[in-house]
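K.L.:
Starting off with a structure, shown below.
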Amino acid sequence: MIIHLKNSVADAEVEKIAQELDAFVVKKPEHHVLITPSALQEVPSRYESITEESFAFSSDIQLASADYFSETREIDINGVKIGGTNNNTMVIAGPCSVESEEQITQSAELMVEQGIKTLRAGCYKPRTSPYSFQGMGIEGLKLLDKMRSKYGVNIITEVRDTTHVDEVIEYADIVQIGAKAMYDQGILRTCGKSNKPILLKRGFGTTLQEFVQAAEFILSGGNDNVILCERGIRTFETKTRFTLDLCGVAYLKEYTNLPIILDPSHAMGYRYGVPDLARACTAMGIEGLLIEVHPDPSVAKSDAAQQLDHDMFRDLLKTLRPIAEAVGHKIV
């Protein structure tokens with residue numbers, strides 16, 4: 001249950017009530033917000049006089065529920081707005097990993113050339129094998145910071161574990177929590193204390209309920225700027241890397257209030273299928289696309305098979321813009 005307590009209630013009293021109800025407290029300018037386990041279905045009578053409004057839920061999808069807030073939450077990334085009434089589809093593109101200054105400079109220049117405002121690249125890579133390229137770490141973050149200063153792009157990069165979460169929050173404009181880190185409560189709770197936009201990727205064996213409940217960890221910490229990212233789930237199919245769950249996206253659009261971004265690159269795993277998937281995603285009227293693009297995919301140090309080259313990305317954008325327009329959106 002979510003309970004809005006009147007703003008006149010003293011902080012000490014709010015904390016006392018929160019302890020009694022085993023609730024999280026999020027302080028807003030207009031009222032105190034208590035979030036209790038969903039098992040509570042009615043406001044205790046002793047608190048009715050100080051309650052402004054209350055919302056009961058059938059599960060612990062609460063702050064993210066469309067029954068609590070019916071509009072998609074607006075998120076502003078340094079002037080690039082998604083959600084709300086903006087009808088923007090934000091394209092986030094760039095290489096899987098920062099590999100060198102030359103490589104990431106070429107990537108940033110492509111974004112500027114194509115009018116794309118958000119550059120992605122990993123610095124801490126959660127690889128399946130310990131012998132694979134693990135990323136450039138803090139040096140990669142510094143190179144991304146240099147690209148932002150030089151080219152005016154927003155940057156998004158991934159948190160691998162809690163050892164560097166504060167570094168990523170400091171440098172990134174959008175903090176990505178990857179599929180392998182989605183259950184890491186240390187990362188989730190630290191991101192909940194920040195006000196940075198957080199892009200939360202769905203784990204490849206994760207139900208929609210578990211996915212949104214992971215977002216609730218961040219929301220209940222006080223950070224409203226959460227974006228969900230569907231990147232494919234593991235099924236019986238072996239001919240593609242994962243299976244992009246567009247049915248799940250339809251559910252999230254209907255029943256949650258969070259912006260949704262899709263990642264066709266990780267879902268497909270092979271560049272030949274990424275453009276068609278990206279077009280299908282755009283037709284769903286979602287808030288963003290995450291596409292891996294490399295100056296020369298043949299020499300990429302990670303996920304080489306799924307990254308588009310620059311010409312493929314240019315051609316893809318030409319087709320995405322009219323599709324977005326057909327569903328009332330605009331590529332940004």
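Residue numbering restarts at 1 in every chain; chains get A, B, ... in the order shown in the structure tokens, and ligands count up from 1 in that same order.
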For segment 174-260 of chain A against segment 161-170 of chain A, with a cut-off of 7 Å and counting only C-alpha atoms, what is the closest atom pair and its distance in Å to one decimal for every residue that makes the cut, ordered by chain and number, as a tab-separated table?

P.N.:
```
residue	atom	partner	partner_atom	distance
A:Val175	CA	A:Ile169	CA	6.2
A:Ala181	CA	A:Asp161	CA	6.9
A:Gly186	CA	A:Thr162	CA	6.3
A:Ile187	CA	A:Thr162	CA	5.7
```

K.L.:
How about saving the chosen residues, N, CA and C atoms kept, as an mmCIF file, in the first residue's frame?

P.N.:
```
data_model
loop_
_atom_site.group_PDB
_atom_site.id
_atom_site.type_symbol
_atom_site.label_atom_id
_atom_site.label_comp_id
_atom_site.auth_asym_id
_atom_site.auth_seq_id
_atom_site.Cartn_x
_atom_site.Cartn_y
_atom_site.Cartn_z
ATOM 1 N N VAL A 175 22.800 6.017 -15.726
ATOM 2 C CA VAL A 175 23.493 4.861 -15.179
ATOM 3 C C VAL A 175 22.760 3.601 -15.631
ATOM 4 N N ALA A 181 23.360 -7.690 -13.368
ATOM 5 C CA ALA A 181 23.415 -6.983 -12.081
ATOM 6 C C ALA A 181 22.030 -6.594 -11.569
ATOM 7 N N GLY A 186 22.726 -4.042 -3.585
ATOM 8 C CA GLY A 186 23.661 -2.967 -3.262
ATOM 9 C C GLY A 186 23.659 -1.900 -4.338
ATOM 10 N N ILE A 187 23.675 -2.329 -5.590
ATOM 11 C CA ILE A 187 23.614 -1.387 -6.714
ATOM 12 C C ILE A 187 22.258 -0.689 -6.735
#
```

K.L.:
Considering only C-alpha atoms, tabulate each residue of segment 241-284 of chain A that lies at most 12 Å from segment 204-219 of chain A along with its nearest interatomic pair and the corresponding distance in Å to one decimal; arrange the rows by chain and ascending residue number and present them as a tab-separated table.

P.N.:
```
residue	atom	partner	partner_atom	distance
A:Arg241	CA	A:Phe204	CA	10.5
A:Phe242	CA	A:Phe204	CA	7.8
A:Thr243	CA	A:Phe204	CA	9.0
A:Leu244	CA	A:Phe204	CA	9.8
A:Asp245	CA	A:Leu208	CA	10.1
A:Leu246	CA	A:Leu208	CA	11.8
A:Cys247	CA	A:Leu208	CA	10.6
A:Gly248	CA	A:Leu208	CA	7.0
A:Val249	CA	A:Leu208	CA	9.2
A:Ala250	CA	A:Leu208	CA	11.1
A:Tyr251	CA	A:Leu208	CA	8.5
A:Leu252	CA	A:Leu208	CA	8.0
A:Lys253	CA	A:Leu208	CA	11.8
A:Tyr255	CA	A:Val212	CA	10.3
A:Thr256	CA	A:Val212	CA	8.3
A:Asn257	CA	A:Val212	CA	10.4
A:Leu258	CA	A:Ala215	CA	9.2
A:Pro259	CA	A:Ala215	CA	11.6
A:Ile260	CA	A:Val212	CA	11.5
A:His266	CA	A:Phe204	CA	10.4
A:Ala267	CA	A:Phe204	CA	9.5
```

K.L.:
Using the selection just defined, write its residues with C-alpha atoms as a PDB file, in the first residue's frame.

P.N.:
```pdb
ATOM      1  CA  ARG A 241      21.130 -14.975 -28.814  1.00  0.00           C
ATOM      2  CA  PHE A 242      17.932 -14.259 -26.866  1.00  0.00           C
ATOM      3  CA  THR A 243      14.229 -13.709 -27.604  1.00  0.00           C
ATOM      4  CA  LEU A 244      13.019 -10.090 -27.536  1.00  0.00           C
ATOM      5  CA  ASP A 245       9.835 -10.073 -25.468  1.00  0.00           C
ATOM      6  CA  LEU A 246       7.597  -7.560 -27.221  1.00  0.00           C
ATOM      7  CA  CYS A 247       4.574  -9.116 -25.503  1.00  0.00           C
ATOM      8  CA  GLY A 248       6.216  -8.214 -22.214  1.00  0.00           C
ATOM      9  CA  VAL A 249       6.739  -4.669 -23.467  1.00  0.00           C
ATOM     10  CA  ALA A 250       3.019  -4.400 -24.209  1.00  0.00           C
ATOM     11  CA  TYR A 251       2.339  -5.458 -20.606  1.00  0.00           C
ATOM     12  CA  LEU A 252       4.802  -2.909 -19.208  1.00  0.00           C
ATOM     13  CA  LYS A 253       3.264  -0.125 -21.281  1.00  0.00           C
ATOM     14  CA  TYR A 255       0.465  -1.653 -16.343  1.00  0.00           C
ATOM     15  CA  THR A 256       3.472   0.468 -15.347  1.00  0.00           C
ATOM     16  CA  ASN A 257       4.268   4.166 -15.388  1.00  0.00           C
ATOM     17  CA  LEU A 258       7.948   3.851 -16.327  1.00  0.00           C
ATOM     18  CA  PRO A 259       9.521   4.764 -19.691  1.00  0.00           C
ATOM     19  CA  ILE A 260      10.564   1.747 -21.745  1.00  0.00           C
ATOM     20  CA  HIS A 266      21.595  -7.896 -27.304  1.00  0.00           C
ATOM     21  CA  ALA A 267      18.348  -9.665 -28.076  1.00  0.00           C
TER      22      ALA A 267
END
```

K.L.:
Of the residues A:Ile75, A:Met1, A:Ile233, A:Leu228, which is the one nearest to Asn88 of chain A, using only C-alpha atoms?

P.N.:
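Once distances to Asn88 of chain A are computed over only C-alpha atoms, the minimum belongs to A:Ile75.
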
K.L.:
Output as a Markdown table one row per residue of segment 245-313 of chain A within 12 Å of segment 133-154 of chain A: the closest atom pair and its distance in Å to one decimal place, counting only C-alpha atoms, sorted by chain and residue number ascending.

P.N.:
```
| residue | atom | partner | partner_atom | distance |
| --- | --- | --- | --- | --- |
| A:Ala300 | CA | A:Phe133 | CA | 10.1 |
| A:Lys301 | CA | A:Phe133 | CA | 6.3 |
| A:Ser302 | CA | A:Phe133 | CA | 6.8 |
| A:Asp303 | CA | A:Phe133 | CA | 10.4 |
| A:Ala304 | CA | A:Phe133 | CA | 11.9 |
```

K.L.:
Which distance in Å separates atom CA of Phe57 of chain A and atom CA of Asn86 of chain A, to one decimal?

P.N.:
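Result for atom CA of Phe57 of chain A versus atom CA of Asn86 of chain A: 28.2 Å, one decimal.
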
K.L.:
Go through segment 113-197 of chain A residue by residue and, counting only C-alpha atoms, keep those with an atom at most 10 Å from segment 310-322 of chain A; for each kept residue give the shortest atom pair and its distance in Å to one decimal, ordered by chain and increasing number, as a Markdown table.

P.N.:
```
| residue | atom | partner | partner_atom | distance |
| --- | --- | --- | --- | --- |
| A:Glu113 | CA | A:Arg314 | CA | 9.6 |
| A:Gln114 | CA | A:Arg314 | CA | 7.4 |
| A:Ile116 | CA | A:Leu317 | CA | 9.8 |
```

K.L.:
Can you pull out every residue within 8 Å of Ala93 of chain A, counting only C-alpha atoms, but drop anything in the same chain fewer than 3 positions away, and send it as an MDAnalysis selection string?

P.N.:
chainID A and resid 111 118:120 290:293

K.L.:
Would you return as an MDAnalysis selection string the members of segment 65-166 of chain A that DSSP assigns to alpha helix (DSSP H) on this structure's backbone?

P.N.:
chainID A and resid 101:114 138:151 165:166

K.L.:
When you count only C-alpha atoms, which of these residues is closest to Ser107 of chain A: A:Gly94, A:Glu158, A:Gly221, A:Ala305?

P.N.:
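Closest residue, counting only C-alpha atoms: A:Gly94.
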
K.L.:
Check the smallest atom-to-atom distance from each of A:Glu52, A:Asp224, A:Asp263, A:Asp276 to Thr72 of chain A using only C-alpha atoms, then report the winner.

P.N.:
A:Asp224
